[in-house]
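> Below you'll find work_25.txt; it's compact mmCIF, C-alpha atoms.
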```txt
# COMPACT_ATOMS: atom_id res chain seq x y z
CA MET A 19 148.49 46.18 203.04
CA ARG A 20 146.96 44.11 205.87
CA ILE A 21 148.64 43.87 209.26
CA ARG A 22 147.59 41.63 212.15
CA ALA A 23 147.88 43.41 215.51
CA THR A 24 147.50 41.53 218.78
CA ALA A 25 147.74 43.45 222.02
CA SER A 26 147.40 42.58 225.67
CA ALA A 27 146.86 45.26 228.31
CA THR A 28 145.66 45.60 231.86
CA ARG A 29 142.60 47.85 231.92
CA PRO A 30 141.16 48.48 235.37
CA THR A 31 137.53 49.54 235.62
CA GLY A 32 137.09 53.04 234.24
CA THR A 33 140.06 52.86 231.85
CA GLY A 34 140.45 52.17 228.15
CA ALA A 35 143.09 51.72 225.48
CA LEU A 36 143.11 52.52 221.77
CA LEU A 37 145.61 50.76 219.46
CA GLU A 38 146.47 52.39 216.14
CA LEU A 39 148.95 51.42 213.41
CA ARG A 40 150.63 53.25 210.57
CA GLY A 41 153.25 52.22 208.04
CA LEU A 42 156.37 53.72 206.50
CA SER A 43 155.84 53.38 202.76
CA VAL A 44 158.43 52.28 200.26
CA SER A 45 158.51 55.88 199.02
CA GLY A 46 159.57 57.09 202.47
CA HIS A 47 156.46 58.71 203.98
CA TRP A 48 154.11 57.62 206.75
CA THR A 49 150.58 56.48 205.99
CA GLU A 50 147.69 57.75 208.07
CA TRP A 51 146.91 55.96 211.33
CA ARG A 52 144.34 53.16 211.31
CA ALA A 53 142.65 51.93 214.49
CA ALA A 54 142.45 48.29 215.53
CA THR A 55 138.86 47.40 216.35
CA SER A 56 139.74 44.78 218.98
CA ASP A 57 142.69 43.35 220.92
CA SER A 58 143.40 41.05 217.97
CA ALA A 59 142.47 42.63 214.65
CA VAL A 60 143.57 42.95 211.04
CA VAL A 61 144.32 46.57 210.19
CA GLN A 62 144.15 47.69 206.56
CA LEU A 63 146.92 50.14 205.67
CA PRO A 64 146.44 52.06 202.41
CA GLU A 65 149.65 51.07 200.57
CA TYR A 66 152.82 49.00 200.55
CA ILE A 67 154.90 49.52 203.70
CA ARG A 68 158.39 48.56 204.85
CA SER A 69 157.92 49.05 208.60
CA VAL A 70 155.09 49.47 211.09
CA GLN A 71 154.64 51.83 214.01
CA ALA A 72 152.09 51.32 216.78
CA ARG A 73 150.46 53.94 219.00
CA ILE A 74 148.49 53.09 222.14
CA THR A 75 146.43 55.81 223.80
CA PHE A 76 145.12 55.20 227.31
CA SER A 77 142.11 56.89 228.86
CA ALA A 78 140.95 56.88 232.47
CA LYS A 79 138.17 58.40 234.51
CA ASP A 80 138.90 60.20 237.76
CA HIS A 81 140.29 57.91 240.47
CA ALA A 82 140.50 54.96 238.08
CA GLY A 83 143.50 52.64 238.12
CA LYS A 84 146.44 52.83 235.75
CA PRO A 85 146.22 50.82 232.51
CA ALA A 86 149.40 49.27 231.09
CA VAL A 87 150.59 47.38 228.01
CA VAL A 88 151.56 43.76 228.66
CA SER A 89 152.46 42.72 225.10
CA LEU A 90 152.05 43.77 221.47
CA TYR A 91 152.67 41.72 218.32
CA VAL A 92 152.29 42.81 214.70
CA SER A 93 152.75 40.71 211.56
CA PRO A 94 151.80 40.78 207.85
CA ARG A 95 148.46 39.19 207.06
CA GLY A 96 148.53 37.39 203.70
CA GLY A 97 149.91 39.00 200.57
CA PRO A 98 149.78 42.68 199.66
CA ASP A 99 146.69 44.13 198.06
CA PRO A 100 146.75 44.95 194.34
CA ARG A 101 148.97 47.93 193.77
CA PRO A 102 147.06 51.13 192.96
CA GLU A 103 147.77 52.87 189.71
CA ARG A 104 150.21 55.75 189.88
CA GLN A 105 148.86 59.21 189.24
CA ALA A 106 150.61 61.73 187.02
CA ASN A 107 151.69 64.97 188.76
CA PRO A 108 150.22 63.98 192.13
CA GLU A 109 148.95 66.84 194.28
CA PRO A 110 147.72 66.80 197.89
CA PHE A 111 144.00 67.17 198.42
CA SER A 112 142.50 70.61 199.15
CA ALA A 113 139.07 71.68 200.38
CA ARG A 114 137.24 74.86 201.34
CA VAL A 115 136.10 74.49 204.95
CA TYR A 116 134.96 76.64 207.85
CA ALA A 117 137.69 77.47 210.38
CA THR A 118 137.24 78.28 214.06
CA ARG A 119 139.67 79.48 216.72
CA ILE A 120 140.79 76.99 219.38
CA GLY A 121 141.87 79.22 222.29
CA LEU A 122 141.81 76.94 225.39
CA VAL A 123 145.21 78.10 226.70
CA GLY A 124 146.44 75.72 229.38
CA GLU A 125 144.40 72.74 228.17
CA HIS A 126 145.89 69.57 226.65
CA THR A 127 145.60 68.58 223.00
CA ALA A 128 144.92 65.00 221.88
CA ASN A 129 148.67 64.35 221.52
CA GLY A 130 149.54 65.69 224.96
CA HIS A 131 150.66 69.23 224.09
CA VAL A 132 149.81 71.93 226.63
CA ILE A 133 148.26 74.81 224.70
CA ARG A 134 150.14 78.11 224.99
CA ARG A 135 149.39 81.63 223.84
CA ARG A 136 150.50 82.22 220.24
CA ASP A 137 150.68 78.47 219.54
CA ARG A 138 150.91 77.28 215.94
CA PHE A 139 148.96 74.07 215.30
CA ALA A 140 145.68 72.82 213.87
CA SER A 141 142.95 70.40 214.88
CA LEU A 142 141.11 68.05 212.53
CA PRO A 143 138.12 65.81 213.39
CA SER A 144 139.99 62.49 213.06
CA ARG A 145 142.95 60.76 214.70
CA ARG A 146 144.08 59.42 211.33
CA GLY A 147 146.10 62.57 210.65
CA LEU A 148 147.17 63.29 214.23
CA ASN A 149 150.87 63.71 215.00
CA SER A 150 151.98 61.54 217.91
CA ASP A 151 153.38 64.46 219.92
CA ASP A 152 154.30 68.13 219.58
CA LYS A 153 157.76 67.25 218.29
CA THR A 154 156.58 65.42 215.16
CA ASN A 155 155.20 67.01 212.03
CA ASP A 156 154.31 64.10 209.76
CA TYR A 157 150.80 65.51 209.23
CA VAL A 158 150.74 69.19 208.26
CA VAL A 159 148.04 71.37 206.72
CA GLU A 160 148.41 74.55 204.69
CA ILE A 161 145.64 77.07 205.32
CA CYS A 162 144.94 80.01 203.01
CA TYR A 163 142.61 82.90 203.84
CA SER A 164 141.38 84.88 200.85
CA ARG A 165 140.30 87.99 202.82
CA THR A 166 143.90 88.74 203.83
CA ASN A 167 145.61 86.85 201.00
CA ARG A 168 147.75 85.00 203.56
CA CYS A 169 148.69 81.35 203.93
CA ALA A 170 150.22 79.40 206.81
CA ARG A 171 151.30 75.85 207.58
CA ALA A 172 150.57 74.09 210.85
CA PRO A 173 151.02 70.57 212.25
CA VAL A 174 147.93 68.64 213.35
CA TRP A 175 148.15 68.21 217.15
CA ASP A 176 144.52 67.92 218.20
CA VAL A 177 141.24 66.20 217.30
CA GLY A 178 138.06 68.15 216.53
CA PRO A 179 135.98 70.22 215.90
CA TRP A 180 132.73 68.34 216.61
CA ASN A 181 133.63 64.86 215.43
CA ILE A 182 136.56 62.56 216.15
CA ARG A 183 136.18 60.00 213.33
CA ASP A 184 135.55 62.24 210.33
CA ASP A 185 138.55 62.08 207.96
CA TYR A 186 136.61 64.03 205.34
CA TRP A 187 139.74 64.68 203.22
CA ASN A 188 139.77 61.00 202.24
CA PRO A 189 137.60 59.53 199.45
CA PRO A 190 134.24 58.10 200.59
CA ALA A 191 135.43 54.50 200.08
CA THR A 192 138.17 54.86 202.71
CA ARG A 193 136.53 57.42 204.99
CA GLU A 194 136.06 56.08 208.53
CA MET A 195 132.50 57.41 208.92
CA TRP A 196 129.90 59.26 206.82
CA GLN A 197 130.83 57.49 203.59
CA ASP A 198 127.78 58.90 201.80
CA LEU A 199 129.22 62.42 201.97
CA PRO A 200 131.45 63.82 199.19
CA GLN A 201 135.20 64.00 199.72
CA GLY A 202 136.06 67.37 201.25
CA THR A 203 132.72 67.86 203.03
CA PRO A 204 133.01 67.70 206.84
CA GLN A 205 130.09 65.99 208.55
CA ALA A 206 129.55 69.08 210.72
CA GLN A 207 129.17 71.20 207.59
CA ALA A 208 126.55 68.87 206.16
CA ALA A 209 124.74 68.68 209.52
CA TYR A 210 124.68 72.45 209.95
CA ALA A 211 123.78 73.41 206.38
CA ASP A 212 121.59 70.51 205.27
CA GLY A 213 120.35 68.83 208.43
CA TYR A 214 122.45 65.74 207.75
CA ASN A 215 122.21 63.20 210.61
CA LYS A 216 119.33 65.30 211.96
CA GLY A 217 121.72 68.21 212.39
CA LYS A 218 123.83 66.34 214.96
CA ASP A 219 127.44 65.18 215.17
CA GLU A 220 128.60 61.62 215.90
CA ARG A 221 128.03 62.14 219.65
CA SER A 222 124.44 63.35 219.05
CA ARG A 223 125.21 66.98 219.86
CA LYS A 224 123.44 69.68 217.85
CA VAL A 225 125.98 71.15 215.42
CA LEU A 226 126.11 74.93 215.95
CA ASN A 227 128.57 75.82 213.17
CA PRO A 228 129.94 74.08 210.06
CA ALA A 229 133.56 73.90 211.28
CA GLY A 230 135.93 71.46 209.60
CA ILE A 231 139.16 72.71 211.19
CA ASP A 232 140.22 74.44 214.41
CA LEU A 233 143.23 76.78 214.45
CA ALA A 234 145.47 77.75 217.34
CA ASP A 235 145.80 81.44 218.19
CA ARG A 236 149.03 82.20 216.33
CA VAL A 237 147.76 80.66 213.09
CA PHE A 238 144.32 82.25 213.40
CA LEU A 239 145.27 85.75 214.54
CA ARG A 240 148.84 86.42 213.46
CA ASP A 241 149.63 84.17 210.50
CA LEU A 242 146.29 84.49 208.69
CA GLY A 243 145.03 87.76 210.17
CA MET A 244 141.57 86.37 210.92
CA THR A 245 139.29 88.39 213.20
CA GLY A 246 136.46 85.86 213.35
CA ASN A 247 135.52 82.36 212.27
CA ASP A 248 135.42 82.12 208.47
CA TRP A 249 135.91 79.98 205.37
CA VAL A 250 139.46 79.02 204.39
CA THR A 251 141.12 76.71 201.86
CA VAL A 252 142.99 73.83 203.48
CA THR A 253 145.53 71.57 201.80
CA TYR A 254 146.24 68.28 203.57
CA LEU A 255 149.88 68.00 202.60
CA TRP A 256 150.41 64.32 203.48
CA THR A 257 147.68 63.17 201.05
CA ALA A 258 149.79 63.40 197.89
CA PRO A 259 149.81 59.90 196.35
CA ALA A 260 152.99 57.83 196.69
CA THR A 261 155.38 58.00 193.75
CA ASP A 262 157.75 55.05 194.24
CA ASP A 263 159.28 53.63 191.08
CA ARG A 264 159.27 49.93 191.82
```
In structure tokens, how does this file's structure come out?

Amino acid sequence: MRIRATASATRPTGTGALLELRGLSVSGHWTEWRAATSDSAVVQLPEYIRSVQARITFSAKDHAGKPAVVSLYVSPRGGPDPRPERQANPEPFSARVYATRIGLVGEHTANGHVIRRRDRFASLPSRRGLNSDDKTNDYVVEICYSRTNRCARAPVWDVGPWNIRDDYWNPPATREMWQDLPQGTPQAQAAYADGYNKGKDERSRKVLNPAGIDLADRVFLRDLGMTGNDWVTVTYLWTAPATDDR
């Protein structure tokens, strides 16, 4: 479904603002976030929705002024897209990816959480599946580690590793970047193993490991019993197709 978003904000030199939208579907779950590419843009949401939520993230360099929202308007744009076919026995998408430990106690995550020892959360390289704050768990992953035969669930509270626009769990047609890679293959993995994008991430840094997910200390050490970075199976629980009966 297409939504027109028009925002007005004061942005002093050295500051920026990112507007994202998501929708509450008719089946009662939130879609992933989609970024508006300008102050007045049409945002494509992946399915029918009954309400819209907006998220504005400000950024500022040291000693820059304070940005602020002046106004925000959202409205439907034309009719809904053709309804996708329902899938029998829908299951969320899973992939085998390389996991690394976050650490960074005392630092802030992308949703504002201050990292503590024995924290339980995950980081994925895209804002599309990022919870708005550390009190919401709309986007949760299940991680399973075969060496210890343990599994754990964790909300997504941060963005990374390596990239910030690599929603590799989505099909290539709807993936934000790297649409020539197969679904389930992180760009960092392809860069590290196959020299994809000359072995660099989206910010032109040399990729030093194939990580597709970062795990906070409690998930990494206690829940899964990992002693070093390794391959895990991740299920992106919010990706199960909608099953409304309209």
> Neighbouring residues of stretch 212-224 of chain A were defined as those with any atom within 10 Å, considering all atoms listed in the file; residues of the same chain fewer than 2 positions away were excluded. Please report them as a ChimeraX atom specification.
/A:179-184,195-196,199,205-210,226-227
> So, counting all atoms listed in the file, which residue among A:Ala258, A:Leu233, A:Ala128, A:Ala170 is closest to A:Asp152?
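That would be A:Ala128, the residue with the smallest distance to A:Asp152.
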> With a cut-off of 9 Å, could you pull out the residues of stretch 64-158 of chain A touching stretch 30-49 of chain A and give me the nearest pair of atoms for each, distance in Å to one decimal, using all atoms listed in the file, ordered by chain and ascending number, as CSV?

```
residue,atom,partner,partner_atom,distance
A:Pro64,CA,A:Thr49,CA,7.0
A:Glu65,CA,A:Ser43,CA,7.0
A:Tyr66,CA,A:Ser43,CA,5.8
A:Ile67,CA,A:Ser43,CA,4.1
A:Arg68,CA,A:Leu42,CA,5.8
A:Ser69,CA,A:Leu42,CA,5.3
A:Val70,CA,A:Gly41,CA,4.5
A:Gln71,CA,A:Arg40,CA,5.5
A:Ala72,CA,A:Leu39,CA,4.6
A:Arg73,CA,A:Glu38,CA,5.1
A:Ile74,CA,A:Leu37,CA,4.6
A:Thr75,CA,A:Leu36,CA,5.1
A:Phe76,CA,A:Ala35,CA,4.4
A:Ser77,CA,A:Gly34,CA,5.1
A:Ala78,CA,A:Thr33,CA,4.2
A:Lys79,CA,A:Gly32,CA,5.5
A:Asp80,CA,A:Gly32,CA,8.2
A:His81,CA,A:Gly32,CA,8.5
A:Ala82,CA,A:Gly32,CA,5.5
A:Gly83,CA,A:Pro30,CA,5.5
A:Lys84,CA,A:Pro30,CA,6.9
A:Pro85,CA,A:Pro30,CA,6.3
A:Ala86,CA,A:Ala35,CA,8.8
A:Arg146,CA,A:Glu38,CA,8.8
A:Gly147,CA,A:Thr49,CA,8.9
A:Asp156,CA,A:Trp48,CA,7.1
A:Tyr157,CA,A:Trp48,CA,8.9
```
> Generate a file of the selected residues that holds C-alpha atoms, formatted as a short mmCIF file (atom, residue, chain, number, x, y, z; two decimals), in the coordinates of the input.

```cif
data_model
loop_
_atom_site.label_atom_id
_atom_site.label_comp_id
_atom_site.auth_asym_id
_atom_site.auth_seq_id
_atom_site.Cartn_x
_atom_site.Cartn_y
_atom_site.Cartn_z
CA PRO A 64 146.44 52.06 202.41
CA GLU A 65 149.65 51.07 200.57
CA TYR A 66 152.82 49.00 200.55
CA ILE A 67 154.90 49.52 203.70
CA ARG A 68 158.39 48.56 204.85
CA SER A 69 157.92 49.05 208.60
CA VAL A 70 155.09 49.47 211.09
CA GLN A 71 154.64 51.83 214.01
CA ALA A 72 152.09 51.32 216.78
CA ARG A 73 150.46 53.94 219.00
CA ILE A 74 148.49 53.09 222.14
CA THR A 75 146.43 55.81 223.80
CA PHE A 76 145.12 55.20 227.31
CA SER A 77 142.11 56.89 228.86
CA ALA A 78 140.95 56.88 232.47
CA LYS A 79 138.17 58.40 234.51
CA ASP A 80 138.90 60.20 237.76
CA HIS A 81 140.29 57.91 240.47
CA ALA A 82 140.50 54.96 238.08
CA GLY A 83 143.50 52.64 238.12
CA LYS A 84 146.44 52.83 235.75
CA PRO A 85 146.22 50.82 232.51
CA ALA A 86 149.40 49.27 231.09
CA ARG A 146 144.08 59.42 211.33
CA GLY A 147 146.10 62.57 210.65
CA ASP A 156 154.31 64.10 209.76
CA TYR A 157 150.80 65.51 209.23
#
```
> Could you give me the axis-aligned bounding box of stretch 156-159 of chain A, with 5 Å of padding per side, as centre plus edge lengths in Å to one decimal, as lines of an AutoDock Vina configuration file?

```
center_x = 151.2
center_y = 67.7
center_z = 208.2
size_x = 16.3
size_y = 17.3
size_z = 13.0
```
> What lies within 9 Å of A:Val115 using all atoms listed in the file, ignoring chain neighbours under 2 positions off, as a ChimeraX atom specification?
/A:113,117,202-204,207,228-231,248-252
> Ranking A:Tyr163, A:Tyr254, A:Tyr91, A:Trp51 by minimum distance to A:Arg22 and counting all atoms listed in the file, which one comes first?
A:Tyr91
> To one decimal place, how far is atom CA of A:Gly246 from atom CA of A:Arg145 in Å?
26.0 Å
> Counting all atoms listed in the file, find the residues whose atoms lie at most 12 Å from (142.2, 82.9, 213.6) (file coordinates) and write them out as a compact mmCIF listing (two decimals) with C-alpha atoms, in the coordinates of the input.

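Saved the output as result_8.txt:
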```txt
# COMPACT_ATOMS: atom_id res chain seq x y z
CA TYR A 116 134.96 76.64 207.85
CA ALA A 117 137.69 77.47 210.38
CA THR A 118 137.24 78.28 214.06
CA ARG A 119 139.67 79.48 216.72
CA ILE A 120 140.79 76.99 219.38
CA GLY A 121 141.87 79.22 222.29
CA ARG A 136 150.50 82.22 220.24
CA ASP A 137 150.68 78.47 219.54
CA ARG A 138 150.91 77.28 215.94
CA PHE A 139 148.96 74.07 215.30
CA ALA A 140 145.68 72.82 213.87
CA ILE A 161 145.64 77.07 205.32
CA CYS A 162 144.94 80.01 203.01
CA TYR A 163 142.61 82.90 203.84
CA THR A 166 143.90 88.74 203.83
CA ARG A 168 147.75 85.00 203.56
CA CYS A 169 148.69 81.35 203.93
CA ALA A 170 150.22 79.40 206.81
CA ILE A 231 139.16 72.71 211.19
CA ASP A 232 140.22 74.44 214.41
CA LEU A 233 143.23 76.78 214.45
CA ALA A 234 145.47 77.75 217.34
CA ASP A 235 145.80 81.44 218.19
CA ARG A 236 149.03 82.20 216.33
CA VAL A 237 147.76 80.66 213.09
CA PHE A 238 144.32 82.25 213.40
CA LEU A 239 145.27 85.75 214.54
CA ARG A 240 148.84 86.42 213.46
CA ASP A 241 149.63 84.17 210.50
CA LEU A 242 146.29 84.49 208.69
CA GLY A 243 145.03 87.76 210.17
CA MET A 244 141.57 86.37 210.92
CA THR A 245 139.29 88.39 213.20
CA GLY A 246 136.46 85.86 213.35
CA ASN A 247 135.52 82.36 212.27
CA ASP A 248 135.42 82.12 208.47
CA TRP A 249 135.91 79.98 205.37
CA VAL A 250 139.46 79.02 204.39
```
